[in-house]
Number of protein chains: 2
Amino acid sequence: MAKSKFERLPGFRDFTPEELDGVLHIFDSWRTVSTRYGFSEYGGPPLELLDLYVEKSGEEIVQQLYNFQDKGQRKIALRPEMTPSLARILAGRHRAMAKPIRWFSLPQLFRYERQQRGRLREHFQWNVDIVGEQGVGADVEVLAVALDGLRELGLRENHIVARVSDRKLMTEILLVLGVKPDNVSTVFTIIDKMERTKVNRSMDRLCAEAELDTEAAEKVLEICYEDQIEVLRQKFEASISITERLDVLQIYIESLEAKGLGAYVQFDLKIVRGLAYYTGIVFEIFDRAGDLRAICGGGRYDRLLELVGGDPLPAVGFGMGDVVLGELLRIRKLFKPESAKVDLFLVIVGEEQRTLALSIAHNQRENGLTVLYGLRPETVGKQLEMASKIGACQVLMLAPDELERGLVVLKDMKTGEQREMRLEEFIT
Amino acid sequence: MAKSKFERLPGFRDFTPEELDGVLHIFDSWRTVSTRYGFSEYGGPPLELLDLYVEKSGEEIVQQLYNFQDKGQRKIALRPEMTPSLARILAGRHRAMAKPIRWFSLPQLFRYERQQRGRLREHFQWNVDIVGEQGVGADVEVLAVALDGLRELGLRENHIVARVSDRKLMTEILLVLGVKPDNVSTVFTIIDKMERTKVNRSMDRLCAEAELDTEAAEKVLEICYEDQIEVLRQKFEASISITERLDVLQIYIESLEAKGLGAYVQFDLKIVRGLAYYTGIVFEIFDRAGDLRAICGGGRYDRLLELVGGDPLPAVGFGMGDVVLGELLRIRKLFKPESAKVDLFLVIVGEEQRTLALSIAHNQRENGLTVLYGLRPETVGKQLEMASKIGACQVLMLAPDELERGLVVLKDMKTGEQREMRLEEFIT
């Protein structure tokens with residue numbers, strides 16, 4: 001019987017130390033960069049009232065959740081995303097807080113989904129938000145911190161690209177192109193899927209679901225591929241709303257260039273984000289090779305806090321998962337797990353020396369070293385073998401003859417060099 | 001409406017950055033000490049098959065779980081403890097692994113319990129285990145790392161005590177005192193509760209539930225208070241099994257003394273641990289004042305891996321929660337949250353300098369500094385006020401006149417001292 005009779009749940013991961021090391025490396029980079037940008041880490045419960053998610057995303061979300069009734073008859077769910085918890089937490093406290101609020105979190109999130117590549121039923125997500133600032137400066141900071149989080153992991157402009165757009169701009173453009181206001185969100189849904197859909201199919205959907213004639217539908221599809229702000233400026237110069245949004249978008253992109261991140265940013269009207277709650281600039285970060293799903297998605301959502309019953313507060317943020325990112329790091333060979341380092345291994349030549357070994361181990365651990373020794377009596381050969389197997393840097397031999405003279409033997413496992421040292425140096 | 005219409009679930013915690021800081025500080029100490037002892041961190045899913053817990057703890061456990069059926073009709077539960085996951089993970093892999101396995105984890109755990117002081121419905125737990133070593137040396141390492149984890153947080157022998165015992169020893173003693181083999185576990189349950197129970201009540205239970213006469217029941221209660229190993233040696237010198245276990249216990253305690261931890265350890269037969277799965281030495285760590293529930297509990301469990309269907313493998317470990325510990329640290333004033341440090345705040349005198357500010361911010365963040373600046377146009381006064389409010393160490397003024405001469409003004413916020421510096425120093 002080499003296996004447990006109990007299986008791991010499908011879509012969930014176990015993490016052996018080697019596997020966890022990769023996740024902790026990603027966490028470290030995210031935390032380091034968040035701190036440099038002045039974001040503070042917060043946390044929330046993995047369980048919330050089901051209605052918190054239904055309120056934001058509609059009844060359909062329930063099909064994708066781990067939801068159930070608890071023993072107190074509450075309808076609850078494992079969190080599928082962090083933003084509703086953030087909105088709930090801030091609703092009760094933000095009035096006493098200086099704005100803008102710069103918070104980040106590293107929650108584990110859960111969705112009951114059909115399994116496919118890079119899509120598990122759980123993942124860890126870097127959530128970063130600026131709340132209480134409506135200016136485009138906040139949008140700039142948020143995309144910059146996302147990109148720097150990836151750069152900290154070794155990804156560069158030849159690996160990744162942030163595709164940016166603006167839902168307000170796109171709304172105005174669609175209205176000018178003849179889309180009825182009621183159909184704008186339907187068109188967004190179709191654009192969101194257009195890159196994974198055949199052109200004819202997108203055309204058909206625009207006509208059938210968004211009530212457009214063929215000519216208008218063609219114009220909508222065509223404009224999605226326009227990547228020059230200047231061309232849009234000329235094309236829609238009669239519309240003040242469009243010109244205003246293009247000005248904002250231009251500041252946004254120029255600010256990212258000022259931060260030295262211009263090579264990572266690409267204007268792209270096909271990015272609309274599926275979720276209805278985004279209200280302004282939106283972005284997604286992809287691998288340049290285009291093999292993987294989005295690494296990161298985010299944007300401005302100025303109405304969410306209201307929705308959960310709080311005061312109106314502008315907000316901008318993103319979520320970046322560990323699964324797709326981990327895959328990209330492995331593909332790009334940027335994933336370097338470090339094996340645990342053992343500074344010192346104590347070889348106990350005779351059991352009379354065990355008490356001394358325990359004392360040395362404790363002393364040297366107090367000094368911050370990683371120290372190991374055999375937990376049961378073994379031959380010196382076996383102990384040296386163990387020291388070598390775990391990759392100990394140095395071995396300290398506690399042998400009766402040397403100890404009688406107050407000495408121990410320290411062996412460097414790389415060079416093989418040995419030298420006698422005074423015992424006192426190891427017990428203080 | 002200052003509050004969300006959605007409440008946090010009872011028994012769960014939100015963590016603002018100030019609150020999370022305390023938890024992360026505890027995590028840091030646990031991780032640091034684990035590493036010094038050569039333990040490697042692993043992780044597992046927060047959801048497991050319900051039967052994994054029922055197999056270990058019996059049907060009664062279900063009453064205390066967050067359990068439900070998922071959309072694939074699987075009966076699952078949020079993990080109430082980590083050890084069953086560890087057993088499952090190792091069952092499939094341990095054969096290829098060098099022994100002993102030294103692993104630790106920091107999972108969040110969940111129980112649907114009646115709420116009371118220090119007992120929430122979730123907590124984080126430091127889980128440490130040595131698997132594959134049956135000698136008492138492993139028991140010593142495990143209690144030592146638990147104590148050092150607490151010492152790392154500033155707790156000393158006047159704050160905490162580890163009460164240690166041995167279930168094998170106690171079993172042998174109970175048999176000699178006339179307890180029938182079938183009743184030993186019942187007596188353990190009664191002993192486990194005796195300190196929170198009136199003597200008469202414990203006596204009654206020993207007679208009624210464990211079929212003892214008054215004299216035998218009195219002897220059982222009396223022996224629980226015997227804290228001298230030598231006295232037990234004399235009293236039970238006729239029993240070889242008892243003498244052998246006393247030898248082991250003596251090595252255990254002397255080894256902890258050799259590690260300099262003697263002042264933290266107290267032999268105490270009243271410690272039996274409620275759970276049936278412990279098979280040898282057991283311990284609990286308490287605050288000396290005795291105001292709080294146990295901070296930590298653990299011991300040897302040599303049969304658990306078999307129970308989940310794996311090979312037989314000896315194991316010893318413990319769990320230490322963050323909630324009771326956090327309370328103790330606050331009571332002892334050892335809880336020192338560090339506020340986030342902002343190294344540099346950029347004051348943008350005129351909006352023409354914003355692009356330069358973005359560039360400096362990015363450069364200095366790349367150098368590892370925490371850098372902030374106002375995200376929207378504000379007066380210099382407002383910006384300085386913000387810098388002071390967030391506790392920035394230094395302020396860098398970007399003013400047109402100085403910039404024309406290639407200069408910027410750096411102000412130390414503690415001393416108020418200002419000096420002109422060359423701009424180049426901040427953009428490389």
# chains A, B, ... in the order shown; residues from 1 in each chain; ligands from 1
$ select_by_dssp --residues "range 44-220 of chain A" --states "strand (DSSP E or B)" --output "PyMOL selection string"
chain A and resi 47-49+67-69+75-78+101-105+108-110+116+119+122-131+160-166
$ write_last_selection --atoms "C-alpha atoms" --output "CSV table (one decimal), in the first residue's frame"
chain,number,residue,atom,x,y,z
A,47,LEU,CA,-15.7,32.3,3.8
A,48,GLU,CA,-18.3,35.1,3.2
A,49,LEU,CA,-22.0,35.4,2.9
A,67,ASN,CA,-21.3,27.5,-1.7
A,68,PHE,CA,-23.3,25.8,1.1
A,69,GLN,CA,-25.4,26.3,4.2
A,75,LYS,CA,-25.8,30.7,3.0
A,76,ILE,CA,-22.1,31.1,2.6
A,77,ALA,CA,-19.4,30.6,0.0
A,78,LEU,CA,-15.7,30.2,-0.3
A,101,ILE,CA,-5.9,53.8,0.7
A,102,ARG,CA,-3.2,51.6,-0.8
A,103,TRP,CA,-3.8,48.0,0.2
A,104,PHE,CA,-2.7,44.6,-1.1
A,105,SER,CA,-3.5,41.0,-0.2
A,108,GLN,CA,-6.3,31.9,-1.9
A,109,LEU,CA,-9.4,31.9,-4.0
A,110,PHE,CA,-11.8,29.1,-5.0
A,116,GLN,CA,-8.5,22.8,-18.0
A,119,ARG,CA,-7.2,26.6,-14.5
A,122,GLU,CA,-8.0,27.2,-6.3
A,123,HIS,CA,-5.2,29.7,-6.8
A,124,PHE,CA,-3.4,32.4,-4.9
A,125,GLN,CA,-3.9,35.9,-6.1
A,126,TRP,CA,-2.0,39.2,-5.7
A,127,ASN,CA,-4.7,41.8,-5.2
A,128,VAL,CA,-3.7,45.4,-5.2
A,129,ASP,CA,-6.0,48.4,-4.9
A,130,ILE,CA,-5.9,52.1,-4.6
A,131,VAL,CA,-9.2,53.4,-3.1
A,160,ILE,CA,5.1,40.2,-21.3
A,161,VAL,CA,2.8,43.0,-22.5
A,162,ALA,CA,0.1,45.0,-20.8
A,163,ARG,CA,-2.8,45.6,-23.2
A,164,VAL,CA,-4.7,48.7,-22.0
A,165,SER,CA,-8.0,50.3,-23.0
A,166,ASP,CA,-10.8,52.4,-21.5
$ interface_residues --of "chain B" --to "chain A" --cutoff "7 Å" --atoms "only C-alpha atoms" --output "PDB file with C-alpha atoms, in the first residue's frame"
ATOM      1  CA  MET B   1     -24.658  54.456   5.372  1.00  0.00           C
ATOM      2  CA  ALA B   2     -21.243  53.999   6.917  1.00  0.00           C
ATOM      3  CA  LYS B   3     -21.444  50.221   7.059  1.00  0.00           C
ATOM      4  CA  SER B   4     -21.786  47.511   4.483  1.00  0.00           C
ATOM      5  CA  LYS B   5     -25.124  45.739   4.368  1.00  0.00           C
ATOM      6  CA  PHE B   6     -23.096  42.522   4.443  1.00  0.00           C
ATOM      7  CA  ARG B   8     -18.507  39.346   8.345  1.00  0.00           C
ATOM      8  CA  LEU B   9     -19.316  35.763   9.360  1.00  0.00           C
ATOM      9  CA  PHE B  12     -13.969  34.983  11.451  1.00  0.00           C
ATOM     10  CA  ARG B  13     -11.453  37.807  11.406  1.00  0.00           C
ATOM     11  CA  ASP B  14     -10.756  40.666   9.047  1.00  0.00           C
ATOM     12  CA  PHE B  15      -7.148  41.848   9.127  1.00  0.00           C
ATOM     13  CA  THR B  16      -6.426  45.520   8.545  1.00  0.00           C
ATOM     14  CA  PRO B  17      -2.714  46.104   7.895  1.00  0.00           C
ATOM     15  CA  LEU B  20      -2.240  41.533   9.940  1.00  0.00           C
ATOM     16  CA  THR B  35      14.469  26.906   9.264  1.00  0.00           C
ATOM     17  CA  ARG B  36      17.166  26.916  11.946  1.00  0.00           C
ATOM     18  CA  TYR B  37      15.976  23.456  12.936  1.00  0.00           C
ATOM     19  CA  GLY B  38      16.132  22.292   9.325  1.00  0.00           C
ATOM     20  CA  SER B  40      10.987  22.582   5.279  1.00  0.00           C
ATOM     21  CA  GLU B  41       7.640  24.262   4.659  1.00  0.00           C
ATOM     22  CA  TYR B  42       4.865  22.376   2.840  1.00  0.00           C
ATOM     23  CA  GLY B  43       1.224  23.187   2.089  1.00  0.00           C
ATOM     24  CA  GLY B  44      -2.049  21.468   1.322  1.00  0.00           C
ATOM     25  CA  PRO B  45      -5.612  22.234   0.266  1.00  0.00           C
ATOM     26  CA  GLU B  48     -10.461  17.637   1.864  1.00  0.00           C
ATOM     27  CA  LEU B  52     -10.321  11.796   5.950  1.00  0.00           C
ATOM     28  CA  TYR B  66     -17.682  23.151   8.008  1.00  0.00           C
ATOM     29  CA  PHE B  68     -20.923  20.104   2.688  1.00  0.00           C
ATOM     30  CA  ASP B  70     -19.755  19.996  -3.629  1.00  0.00           C
ATOM     31  CA  ARG B  88      -2.403  11.752   2.966  1.00  0.00           C
ATOM     32  CA  ALA B  91       1.277   8.211   2.070  1.00  0.00           C
ATOM     33  CA  GLY B  92       1.856   8.655  -1.661  1.00  0.00           C
ATOM     34  CA  GLY B 135      13.637   7.382  18.847  1.00  0.00           C
ATOM     35  CA  GLY B 137      15.566  12.239  19.930  1.00  0.00           C
ATOM     36  CA  ALA B 138      12.751  13.253  17.556  1.00  0.00           C
ATOM     37  CA  SER B 255      17.999  16.243  26.608  1.00  0.00           C
ATOM     38  CA  ALA B 258      21.085  19.925  27.649  1.00  0.00           C
ATOM     39  CA  LYS B 259      19.501  22.268  25.119  1.00  0.00           C
ATOM     40  CA  GLY B 260      19.145  24.890  27.837  1.00  0.00           C
ATOM     41  CA  VAL B 308      -5.221   6.797   6.214  1.00  0.00           C
ATOM     42  CA  GLY B 309      -4.017   3.755   4.301  1.00  0.00           C
ATOM     43  CA  GLY B 310      -0.282   4.391   4.082  1.00  0.00           C
ATOM     44  CA  ASP B 311       2.654   2.378   5.368  1.00  0.00           C
ATOM     45  CA  VAL B 342       8.187  55.290   3.738  1.00  0.00           C
ATOM     46  CA  THR B 355       6.947  63.246 -15.450  1.00  0.00           C
ATOM     47  CA  LEU B 358       7.405  59.407 -12.025  1.00  0.00           C
ATOM     48  CA  SER B 359      10.847  58.658 -13.346  1.00  0.00           C
ATOM     49  CA  HIS B 362      10.522  54.288 -10.466  1.00  0.00           C
ATOM     50  CA  ARG B 365      11.857  51.878  -6.111  1.00  0.00           C
ATOM     51  CA  GLY B 368      14.648  49.031  -3.135  1.00  0.00           C
ATOM     52  CA  LEU B 369      13.303  52.177  -1.471  1.00  0.00           C
ATOM     53  CA  THR B 370       9.664  52.708  -0.545  1.00  0.00           C
ATOM     54  CA  VAL B 371       8.690  55.822  -2.476  1.00  0.00           C
ATOM     55  CA  LEU B 372       5.400  57.736  -2.536  1.00  0.00           C
ATOM     56  CA  LEU B 375      -1.337  60.989  -7.235  1.00  0.00           C
ATOM     57  CA  ARG B 376      -3.133  64.208  -8.175  1.00  0.00           C
TER      58      ARG B 376
END
$ residues_around --residues "Leu410 in chain B" --least-positions-apart "3" --cutoff "12 Å" --atoms "only C-alpha atoms" --output "PDB file with C-alpha atoms, in the first residue's frame"
ATOM      1  CA  ASP B 343      11.763  56.146   2.739  1.00  0.00           C
ATOM      2  CA  LEU B 344      11.088  58.971   0.337  1.00  0.00           C
ATOM      3  CA  PHE B 345       8.172  61.250  -0.519  1.00  0.00           C
ATOM      4  CA  LEU B 346       8.392  63.304  -3.727  1.00  0.00           C
ATOM      5  CA  VAL B 347       6.911  66.800  -3.629  1.00  0.00           C
ATOM      6  CA  CYS B 393      11.742  59.723   6.441  1.00  0.00           C
ATOM      7  CA  GLN B 394      12.836  62.109   3.693  1.00  0.00           C
ATOM      8  CA  VAL B 395      11.156  64.474   1.269  1.00  0.00           C
ATOM      9  CA  LEU B 396      12.537  65.331  -2.153  1.00  0.00           C
ATOM     10  CA  MET B 397      11.359  68.705  -3.495  1.00  0.00           C
ATOM     11  CA  LEU B 398      11.131  69.020  -7.273  1.00  0.00           C
ATOM     12  CA  ALA B 399      10.979  72.793  -7.817  1.00  0.00           C
ATOM     13  CA  GLU B 402      16.410  74.395  -8.572  1.00  0.00           C
ATOM     14  CA  LEU B 407      19.360  70.509  -8.451  1.00  0.00           C
ATOM     15  CA  MET B 413      11.803  64.969   8.145  1.00  0.00           C
ATOM     16  CA  THR B 415      15.866  66.898  11.818  1.00  0.00           C
ATOM     17  CA  GLY B 416      14.212  69.307   9.373  1.00  0.00           C
ATOM     18  CA  GLU B 417      17.629  69.704   7.729  1.00  0.00           C
ATOM     19  CA  GLN B 418      17.565  70.541   4.000  1.00  0.00           C
ATOM     20  CA  ARG B 419      20.286  70.261   1.414  1.00  0.00           C
ATOM     21  CA  GLU B 420      20.584  70.746  -2.314  1.00  0.00           C
ATOM     22  CA  MET B 421      21.651  67.697  -4.291  1.00  0.00           C
ATOM     23  CA  ARG B 422      22.304  66.942  -7.926  1.00  0.00           C
ATOM     24  CA  LEU B 423      19.275  65.558  -9.772  1.00  0.00           C
ATOM     25  CA  GLU B 425      21.829  61.090  -8.163  1.00  0.00           C
ATOM     26  CA  PHE B 426      18.128  60.234  -8.126  1.00  0.00           C
TER      27      PHE B 426
END
$ select_by_dssp --residues "range 7-50 of chain A" --states "alpha helix (DSSP H)" --output "PyMOL selection string"
chain A and resi 17-36+50
$ residues_around --residues "range 195-208 of chain B" --least-positions-apart "5" --cutoff "9 Å" --atoms "only C-alpha atoms" --output "JSON, numbers by chain"
{"B": [186, 187, 190, 213, 214, 216, 217, 218, 220, 221, 270]}
$ write_last_selection --atoms "C-alpha atoms" --output "CSV table (one decimal), in the first residue's frame"
chain,number,residue,atom,x,y,z
B,186,THR,CA,-12.2,6.5,29.4
B,187,VAL,CA,-9.8,7.3,32.3
B,190,ILE,CA,-11.5,12.0,32.7
B,213,ASP,CA,-13.9,1.3,43.4
B,214,THR,CA,-13.4,4.4,45.5
B,216,ALA,CA,-8.6,2.7,43.2
B,217,ALA,CA,-10.2,6.0,41.9
B,218,GLU,CA,-8.5,7.9,44.7
B,220,VAL,CA,-5.6,7.3,40.2
B,221,LEU,CA,-6.4,10.9,41.1
B,270,LYS,CA,-2.3,15.2,34.1
$ closest_residue --among "B:Val184, B:Ile331, B:Ile427, B:Ile173" --to "Ile223 in chain B" --atoms "only C-alpha atoms"
B:Ile173
$ atom_distance --atom1 "CA of Arg293 in chain B" --atom2 "CA of Leu329 in chain B"
13.7 Å
$ atom_distance --atom1 "CA of Gln234 in chain A" --atom2 "CA of Leu246 in chain A"
11.0 Å
